Amino acid sequence: MTWGFTHCLYKKKKRGKFITLLAALLCVFVTGCARLATPPEVKEGGAGYVNADDFNMWLAYKNGTLMDHGGMSERLDMQAPLIVVLEGDGLPWSRPWRISSDPTSPDPLMFDWYRQWPGEALYLGRPCYFGAKSRRVPPAPWDVEEPPETQSCFAYWYTHGRYSEEVVTAMAQVLRMKAGDRPLLLLGHSGGGALAMLLAARMSNTVAVMTLSGNLNVAAWTSGHDFSPLTGSLDPAASPPLNRDVRQSHWAARGDETVKPEWIEKEAARQQATFQLGPASKHSDWRHYWPQINDAISQLKATISRQR
């Protein structure tokens, strides 16, 4: 077992801000001895780790083959939007008071989409996921955790700091290294939707954002579930709306109790973006509807290409 101090995502007790902060700073956890997740098998294209700003991230890329209506394969168009796939938060907490030693989902939803998509795509893993190590030290007072030499990645970067300035900056650096000035279509689920919005705000070559059950209002999510605030993280809903040139399509699952449709709809309205309800009925139910998602992405790409 590995012991350390960290900051627990807990159901708040209404006993004043001081007690809330004290509990967040002093709770002790056992992370366990689970092995770090290994990256999924990549049958097409290439994959590997890349470093940016002391964060390691695992990514996969494939050229893909899209067929036109005559059955002929399309040539890769470097001016066409590159789809960047962003995964959700996975399992940062194994229990309400226990932080996971590895936040990687055992069955990553968006990698499933990436695997079945027939065209070009870049899957960008998040810091500390898929066994990625990091020596980036969290800002004070979070640095009371174990020193870097004793752990592979600070839990802060996938708990309270999961959408932090440092994480977003590092992911943006990777996109600049791997995509250059290619037009980008950012596709994210849940917390990956939050990161898609935050990345779009600083990547001037972003032309479209599409989210599935995207956590577009972090404050509404934490307060709606009575969680402690994600101190240190950015919130798309607290940022100015994206440039109107960036096409946005935000999809919500009808019966989603994790990221409720009304939270998504409200933020989509503020962004003057397209809001789509369904076809999924639950937060992670999207894998049953990949054909519909594929059609929507193909139409979005075609619309962008016609206007460029």
# chains A, B, ... in the order shown; residues from 1 in each chain; ligands from 1

$ residues_around --residues "Leu124 in chain A" --least-positions-apart "3" --cutoff "9 Å" --atoms "only C-alpha atoms" --output "list in words"
Met57, Trp58, Leu59, Ala60, Tyr61, Val84, Val85, Leu86, Glu87, Met171, Val174 and Leu175 of chain A

$ residues_around --residues "Asn215 in chain A" --least-positions-apart "3" --cutoff "6 Å" --atoms "only C-alpha atoms" --output "list in words"
Ser190, Gly191, Gly193 and Ala194 of chain A

$ select_by_dssp --residues "range 34-239 of chain A" --states "alpha helix (DSSP H)" --output "PyMOL selection string"
chain A and resi 109-116+165-179+191-200+218-224

$ closest_residue --among "A:Pro106, A:Gly255, A:Gly192, A:Gly224" --to "Pro236 in chain A" --atoms "only C-alpha atoms"
A:Gly192

$ closest_residue --among "A:Phe227, A:Trp286, A:Trp93, A:Tyr114" --to "Lys62 in chain A" --atoms "only C-alpha atoms"
A:Tyr114

$ atom_distance --atom1 "CA of Phe55 in chain A" --atom2 "CA of Arg162 in chain A"
12.5 Å

$ select_by_dssp --residues "range 69-290 of chain A" --states "strand (DSSP E or B)" --output "VMD selection string"
chain A and resid 73 82 to 86 93 to 95 98 to 99 121 to 124 134 164 184 to 189 206 to 212 233 247 to 252 274 to 277

$ write_last_selection --atoms "C-alpha atoms" --output "mmCIF file, in the first residue's frame"
data_model
loop_
_atom_site.group_PDB
_atom_site.id
_atom_site.type_symbol
_atom_site.label_atom_id
_atom_site.label_comp_id
_atom_site.auth_asym_id
_atom_site.auth_seq_id
_atom_site.Cartn_x
_atom_site.Cartn_y
_atom_site.Cartn_z
ATOM 1 C CA SER A 73 -10.887 5.628 -51.316
ATOM 2 C CA LEU A 82 -8.039 16.544 -38.186
ATOM 3 C CA ILE A 83 -10.283 14.858 -35.607
ATOM 4 C CA VAL A 84 -8.692 14.951 -32.142
ATOM 5 C CA VAL A 85 -10.321 12.473 -29.751
ATOM 6 C CA LEU A 86 -10.366 13.269 -26.019
ATOM 7 C CA TRP A 93 -11.744 7.881 -7.518
ATOM 8 C CA SER A 94 -12.155 4.192 -6.732
ATOM 9 C CA ARG A 95 -14.458 5.131 -3.830
ATOM 10 C CA ARG A 98 -10.274 6.740 -1.956
ATOM 11 C CA ILE A 99 -8.244 7.987 -4.919
ATOM 12 C CA ALA A 121 -7.978 10.667 -36.362
ATOM 13 C CA LEU A 122 -5.613 11.481 -33.523
ATOM 14 C CA TYR A 123 -6.395 10.029 -30.095
ATOM 15 C CA LEU A 124 -4.756 12.176 -27.409
ATOM 16 C CA SER A 134 4.921 12.694 -14.960
ATOM 17 C CA SER A 164 -5.901 22.828 -14.692
ATOM 18 C CA LEU A 184 -8.762 20.742 -35.757
ATOM 19 C CA LEU A 185 -12.104 19.153 -34.921
ATOM 20 C CA LEU A 186 -12.051 18.384 -31.194
ATOM 21 C CA LEU A 187 -14.259 15.465 -30.122
ATOM 22 C CA GLY A 188 -14.634 14.768 -26.392
ATOM 23 C CA HIS A 189 -16.804 12.807 -23.988
ATOM 24 C CA THR A 206 -9.666 24.831 -34.017
ATOM 25 C CA VAL A 207 -12.567 24.921 -36.479
ATOM 26 C CA ALA A 208 -15.088 22.718 -34.656
ATOM 27 C CA VAL A 209 -15.896 21.174 -31.277
ATOM 28 C CA MET A 210 -18.262 18.248 -30.734
ATOM 29 C CA THR A 211 -19.005 16.880 -27.277
ATOM 30 C CA LEU A 212 -20.907 13.853 -25.995
ATOM 31 C CA SER A 233 -9.127 23.431 -12.458
ATOM 32 C CA ARG A 247 -18.606 25.392 -35.026
ATOM 33 C CA GLN A 248 -19.957 23.728 -31.874
ATOM 34 C CA SER A 249 -22.257 20.743 -31.483
ATOM 35 C CA HIS A 250 -23.019 19.546 -27.953
ATOM 36 C CA TRP A 251 -24.915 16.276 -27.484
ATOM 37 C CA ALA A 252 -26.629 15.219 -24.261
ATOM 38 C CA THR A 274 -26.026 23.624 -31.481
ATOM 39 C CA PHE A 275 -27.579 21.466 -28.741
ATOM 40 C CA GLN A 276 -28.658 17.906 -29.542
ATOM 41 C CA LEU A 277 -30.639 15.664 -27.176
#

$ closest_residue --among "A:Pro139, A:Gly90, A:Pro108, A:Pro127" --to "Ser152 in chain A" --atoms "only C-alpha atoms"
A:Pro127

$ residues_around --residues "Asp112 in chain A" --least-positions-apart "5" --cutoff "9 Å" --atoms "only C-alpha atoms" --output "list of chain:residue names"
A:Asp107, A:Trp117, A:Arg287

$ residues_around --residues "Cys153 in chain A" --least-positions-apart "2" --cutoff "8 Å" --atoms "only C-alpha atoms" --output "PyMOL selection string"
chain A and resi 128+132-136+148+151+155+157

$ closest_residue --among "A:Ala296, A:Gly161, A:Pro291, A:Glu257" --to "Asp235 in chain A" --atoms "only C-alpha atoms"
A:Gly161

$ atom_distance --atom1 "CA of Asn205 in chain A" --atom2 "CA of Arg115 in chain A"
24.6 Å

$ residues_around --residues "Ala80 in chain A" --least-positions-apart "2" --cutoff "12 Å" --atoms "only C-alpha atoms" --output "PyMOL selection string"
chain A and resi 74-78+82-83+119-121+179+181-185+205-208+298+300-308

$ closest_residue --among "A:Val42, A:Tyr156, A:Arg244, A:Gln79" --to "Leu230 in chain A" --atoms "only C-alpha atoms"
A:Tyr156

$ closest_atom_pairs --of "range 37-130 of chain A" --to "range 166-170 of chain A" --cutoff "9 Å" --atoms "only C-alpha atoms" --output "Markdown table"
| residue | atom | partner | partner_atom | distance |
| --- | --- | --- | --- | --- |
| A:Asn51 | CA | A:Ala170 | CA | 8.4 |
| A:Ala52 | CA | A:Ala170 | CA | 5.3 |
| A:Asp53 | CA | A:Ala170 | CA | 5.7 |
| A:Asp54 | CA | A:Ala170 | CA | 8.2 |
| A:Phe55 | CA | A:Ala170 | CA | 6.8 |
| A:Asn56 | CA | A:Ala170 | CA | 8.9 |
| A:Arg126 | CA | A:Val167 | CA | 8.2 |
| A:Pro127 | CA | A:Val167 | CA | 7.1 |

$ decode --residues "range 155-173 of chain A" --atoms "N, CA and C atoms" --output "tab-separated table (two decimals), in the first residue's frame"
chain	number	residue	atom	x	y	z
A	155	ALA	N	-1.45	12.41	-8.06
A	155	ALA	CA	-2.89	12.23	-8.20
A	155	ALA	C	-3.62	13.55	-8.44
A	156	TYR	N	-3.01	14.65	-8.05
A	156	TYR	CA	-3.64	15.95	-8.27
A	156	TYR	C	-4.00	16.18	-9.73
A	157	TRP	N	-3.15	15.69	-10.64
A	157	TRP	CA	-3.35	15.98	-12.07
A	157	TRP	C	-4.54	15.24	-12.66
A	158	TYR	N	-5.08	14.24	-11.96
A	158	TYR	CA	-6.31	13.61	-12.47
A	158	TYR	C	-7.46	13.69	-11.47
A	159	THR	N	-7.26	14.46	-10.39
A	159	THR	CA	-8.37	14.71	-9.46
A	159	THR	C	-8.74	16.20	-9.53
A	160	HIS	N	-8.33	16.98	-8.54
A	160	HIS	CA	-8.71	18.38	-8.53
A	160	HIS	C	-8.10	19.19	-9.66
A	161	GLY	N	-6.94	18.80	-10.14
A	161	GLY	CA	-6.26	19.55	-11.20
A	161	GLY	C	-6.47	18.96	-12.58
A	162	ARG	N	-7.51	18.17	-12.77
A	162	ARG	CA	-7.70	17.46	-14.05
A	162	ARG	C	-7.92	18.40	-15.23
A	163	TYR	N	-8.47	19.61	-14.98
A	163	TYR	CA	-8.66	20.60	-16.05
A	163	TYR	C	-7.83	21.85	-15.77
A	164	SER	N	-6.71	21.68	-15.11
A	164	SER	CA	-5.90	22.83	-14.69
A	164	SER	C	-5.20	23.48	-15.88
A	165	GLU	N	-4.73	24.70	-15.65
A	165	GLU	CA	-3.97	25.43	-16.66
A	165	GLU	C	-2.78	24.62	-17.14
A	166	GLU	N	-2.10	23.95	-16.20
A	166	GLU	CA	-0.92	23.16	-16.57
A	166	GLU	C	-1.27	22.00	-17.49
A	167	VAL	N	-2.36	21.31	-17.18
A	167	VAL	CA	-2.78	20.17	-18.01
A	167	VAL	C	-3.19	20.63	-19.40
A	168	VAL	N	-4.01	21.69	-19.47
A	168	VAL	CA	-4.48	22.19	-20.76
A	168	VAL	C	-3.30	22.70	-21.60
A	169	THR	N	-2.37	23.41	-20.98
A	169	THR	CA	-1.21	23.93	-21.69
A	169	THR	C	-0.37	22.81	-22.28
A	170	ALA	N	-0.14	21.75	-21.50
A	170	ALA	CA	0.66	20.62	-21.98
A	170	ALA	C	-0.03	19.91	-23.14
A	171	MET	N	-1.34	19.71	-23.05
A	171	MET	CA	-2.07	19.05	-24.13
A	171	MET	C	-2.05	19.91	-25.40
A	172	ALA	N	-2.15	21.22	-25.24
A	172	ALA	CA	-2.08	22.13	-26.39
A	172	ALA	C	-0.70	22.05	-27.05
A	173	GLN	N	0.35	21.92	-26.25
A	173	GLN	CA	1.69	21.79	-26.80
A	173	GLN	C	1.81	20.53	-27.64
